[in-house]
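S.K.: Here's a structure for you.
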Amino acid sequence: MGNIYYQDFDKVIIHEKNITPEFFDLKTKIAGDILQKFSNYRVKLAIVGDFSKYESKSIKDFIFESNQTKHIHFVENLDQALEKFSSSKQVTV
C-alpha cells in the first residue's frame, strides 16, 4: 500500500474475483482491516463484482455504508469504477 502511495497513485480498482472469500465474511475482520489501510493512506478503492450473491444483512449494510463514503466503492462493472475515479492515476488488479 505504501509503495502505491509513494508512486503517486491515489486510486485502486480490484476485481472481486481476486479477493479471498473471507474478505466478505465480516467476522474475520479482513475487510475492515484492509479498508482501514486504504483510508489511512488516502488511497481510494473500487471493488468490481457481483455482490448480490452475498445474502447476509451485515455485508449488505457494510457495502451500502462503504458506498456512502468518498473512499470505498463496491460497483458492478469497470465502467462504474472508472466513472468514480475519472480524474487521477489508478491501478487495476
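We label chains A, B, ... in the order they appear in the C-alpha cells, count residues from 1 in each chain, and number ligands from 1 in the order shown.
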Within 9 Å of Ala81 (chain A), counting only C-alpha atoms, which residues show up once you throw out same-chain ones fewer than 5 positions away? Write them as a list in words, please.

M.R.: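 Contacts, with the query itself left out: Ile13, Leu45, Ala46, Ile47, Val48, His73, Phe74, Val75, Glu76 and Ser86 of chain A.
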
S.K.: Those residues you just picked out, can you put them in a file as a PDB file, in the first residue's frame with N, CA and C atoms?

M.R.:
ATOM      1  N   ILE A  13      -8.391  -0.093  -8.380  1.00  0.00           N
ATOM      2  CA  ILE A  13      -9.559  -0.902  -8.733  1.00  0.00           C
ATOM      3  C   ILE A  13      -9.160  -2.364  -8.587  1.00  0.00           C
ATOM      4  N   LEU A  45     -10.570   3.242  -3.274  1.00  0.00           N
ATOM      5  CA  LEU A  45     -10.678   1.869  -3.728  1.00  0.00           C
ATOM      6  C   LEU A  45     -12.041   1.620  -4.351  1.00  0.00           C
ATOM      7  N   ALA A  46     -12.035   0.979  -5.511  1.00  0.00           N
ATOM      8  CA  ALA A  46     -13.264   0.461  -6.107  1.00  0.00           C
ATOM      9  C   ALA A  46     -13.109  -1.048  -6.225  1.00  0.00           C
ATOM     10  N   ILE A  47     -14.102  -1.759  -5.745  1.00  0.00           N
ATOM     11  CA  ILE A  47     -14.127  -3.216  -5.865  1.00  0.00           C
ATOM     12  C   ILE A  47     -15.226  -3.542  -6.865  1.00  0.00           C
ATOM     13  N   VAL A  48     -14.849  -4.221  -7.948  1.00  0.00           N
ATOM     14  CA  VAL A  48     -15.766  -4.521  -9.051  1.00  0.00           C
ATOM     15  C   VAL A  48     -16.232  -5.962  -8.941  1.00  0.00           C
ATOM     16  N   HIS A  73     -15.729   2.094  -2.873  1.00  0.00           N
ATOM     17  CA  HIS A  73     -16.899   1.895  -3.732  1.00  0.00           C
ATOM     18  C   HIS A  73     -16.976   0.442  -4.164  1.00  0.00           C
ATOM     19  N   PHE A  74     -18.116  -0.175  -3.941  1.00  0.00           N
ATOM     20  CA  PHE A  74     -18.417  -1.501  -4.459  1.00  0.00           C
ATOM     21  C   PHE A  74     -19.300  -1.263  -5.683  1.00  0.00           C
ATOM     22  N   VAL A  75     -18.805  -1.629  -6.870  1.00  0.00           N
ATOM     23  CA  VAL A  75     -19.521  -1.342  -8.113  1.00  0.00           C
ATOM     24  C   VAL A  75     -19.659  -2.614  -8.939  1.00  0.00           C
ATOM     25  N   GLU A  76     -20.585  -2.581  -9.899  1.00  0.00           N
ATOM     26  CA  GLU A  76     -20.889  -3.773 -10.686  1.00  0.00           C
ATOM     27  C   GLU A  76     -19.946  -3.995 -11.855  1.00  0.00           C
ATOM     28  N   SER A  86     -12.530   9.258 -12.208  1.00  0.00           N
ATOM     29  CA  SER A  86     -12.239   9.787 -13.537  1.00  0.00           C
ATOM     30  C   SER A  86     -11.068  10.765 -13.608  1.00  0.00           C
TER      31      SER A  86
END

S.K.: When DSSP is applied to the backbone of this structure, which of chain A are assigned helix (DSSP H, G or I)? Write them out as a ChimeraX atom specification.

M.R.: /A:2-6,16-18,21-24,26-28,30-40,51-53,57-67,78-84

S.K.: Using only C-alpha atoms, pick whichever of A:Lys37, A:Asp79, A:Val43, A:Ser58 has the shortest atom-to-atom distance to Tyr6 (chain A).

M.R.: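 Once distances to Tyr6 (chain A) are computed over only C-alpha atoms, the minimum belongs to A:Val43.
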
S.K.: Have a look at A:Phe51, A:Glu83, A:Phe62, A:Asn77 and name the one nearest to Ala31 (chain A); count only C-alpha atoms.

M.R.: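 Residue with the minimum atom-to-atom distance to Ala31 (chain A): A:Phe62.
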
S.K.: Within 12 Å of Lys70 (chain A), counting only C-alpha atoms, which residues show up once you throw out same-chain ones fewer than 6 positions away? Write them as a tab-separated table (two decimals) with N, CA, C and O atoms, in the first residue's frame, please.

M.R.:
chain	number	residue	atom	x	y	z
A	11	LYS	N	-5.71	5.91	-6.42
A	11	LYS	CA	-6.93	5.14	-6.64
A	11	LYS	C	-6.55	3.74	-7.11
A	11	LYS	O	-5.63	3.58	-7.91
A	38	PHE	N	-6.49	1.50	3.30
A	38	PHE	CA	-6.76	2.41	2.19
A	38	PHE	C	-7.09	3.80	2.71
A	38	PHE	O	-6.62	4.81	2.18
A	39	SER	N	-7.88	3.85	3.75
A	39	SER	CA	-8.24	5.14	4.34
A	39	SER	C	-7.03	5.84	4.94
A	39	SER	O	-6.82	7.04	4.73
A	42	ARG	N	-4.99	7.32	2.35
A	42	ARG	CA	-5.80	8.19	1.49
A	42	ARG	C	-5.80	7.71	0.02
A	42	ARG	O	-5.69	8.51	-0.91
A	43	VAL	N	-5.89	6.40	-0.13
A	43	VAL	CA	-6.00	5.79	-1.44
A	43	VAL	C	-7.43	5.30	-1.60
A	43	VAL	O	-7.93	4.54	-0.77
A	44	LYS	N	-8.09	5.77	-2.65
A	44	LYS	CA	-9.47	5.36	-2.89
A	44	LYS	C	-9.49	3.98	-3.53
A	44	LYS	O	-8.56	3.59	-4.24
A	45	LEU	N	-10.57	3.24	-3.27
A	45	LEU	CA	-10.68	1.87	-3.73
A	45	LEU	C	-12.04	1.62	-4.35
A	45	LEU	O	-13.06	2.02	-3.78
A	46	ALA	N	-12.03	0.98	-5.51
A	46	ALA	CA	-13.26	0.46	-6.11
A	46	ALA	C	-13.11	-1.05	-6.23
A	46	ALA	O	-12.09	-1.54	-6.71
A	84	LYS	N	-16.19	6.62	-11.12
A	84	LYS	CA	-15.93	7.10	-9.76
A	84	LYS	C	-14.56	7.76	-9.67
A	84	LYS	O	-14.35	8.68	-8.89
A	85	PHE	N	-13.62	7.29	-10.47
A	85	PHE	CA	-12.23	7.74	-10.37
A	85	PHE	C	-11.76	8.43	-11.65
A	85	PHE	O	-10.67	8.18	-12.13

S.K.: From a DSSP pass on the backbone, collect the residues of region 8-87 of chain A flagged as strand (DSSP E or B) and hand them back as JSON, numbers by chain.

M.R.: {"A": [11, 12, 13, 14, 15, 44, 45, 46, 47, 48, 72, 73, 74, 75]}

S.K.: Could you dump the residues just selected with C-alpha atoms as a short mmCIF file (atom, residue, chain, number, x, y, z; two decimals), in the first residue's frame?

M.R.:
data_model
loop_
_atom_site.label_atom_id
_atom_site.label_comp_id
_atom_site.auth_asym_id
_atom_site.auth_seq_id
_atom_site.Cartn_x
_atom_site.Cartn_y
_atom_site.Cartn_z
CA LYS A 11 -6.93 5.14 -6.64
CA VAL A 12 -7.04 1.36 -7.00
CA ILE A 13 -9.56 -0.90 -8.73
CA ILE A 14 -9.72 -4.54 -7.62
CA HIS A 15 -11.93 -7.21 -9.10
CA LYS A 44 -9.47 5.36 -2.89
CA LEU A 45 -10.68 1.87 -3.73
CA ALA A 46 -13.26 0.46 -6.11
CA ILE A 47 -14.13 -3.22 -5.87
CA VAL A 48 -15.77 -4.52 -9.05
CA ILE A 72 -14.55 2.95 -0.93
CA HIS A 73 -16.90 1.90 -3.73
CA PHE A 74 -18.42 -1.50 -4.46
CA VAL A 75 -19.52 -1.34 -8.11
#
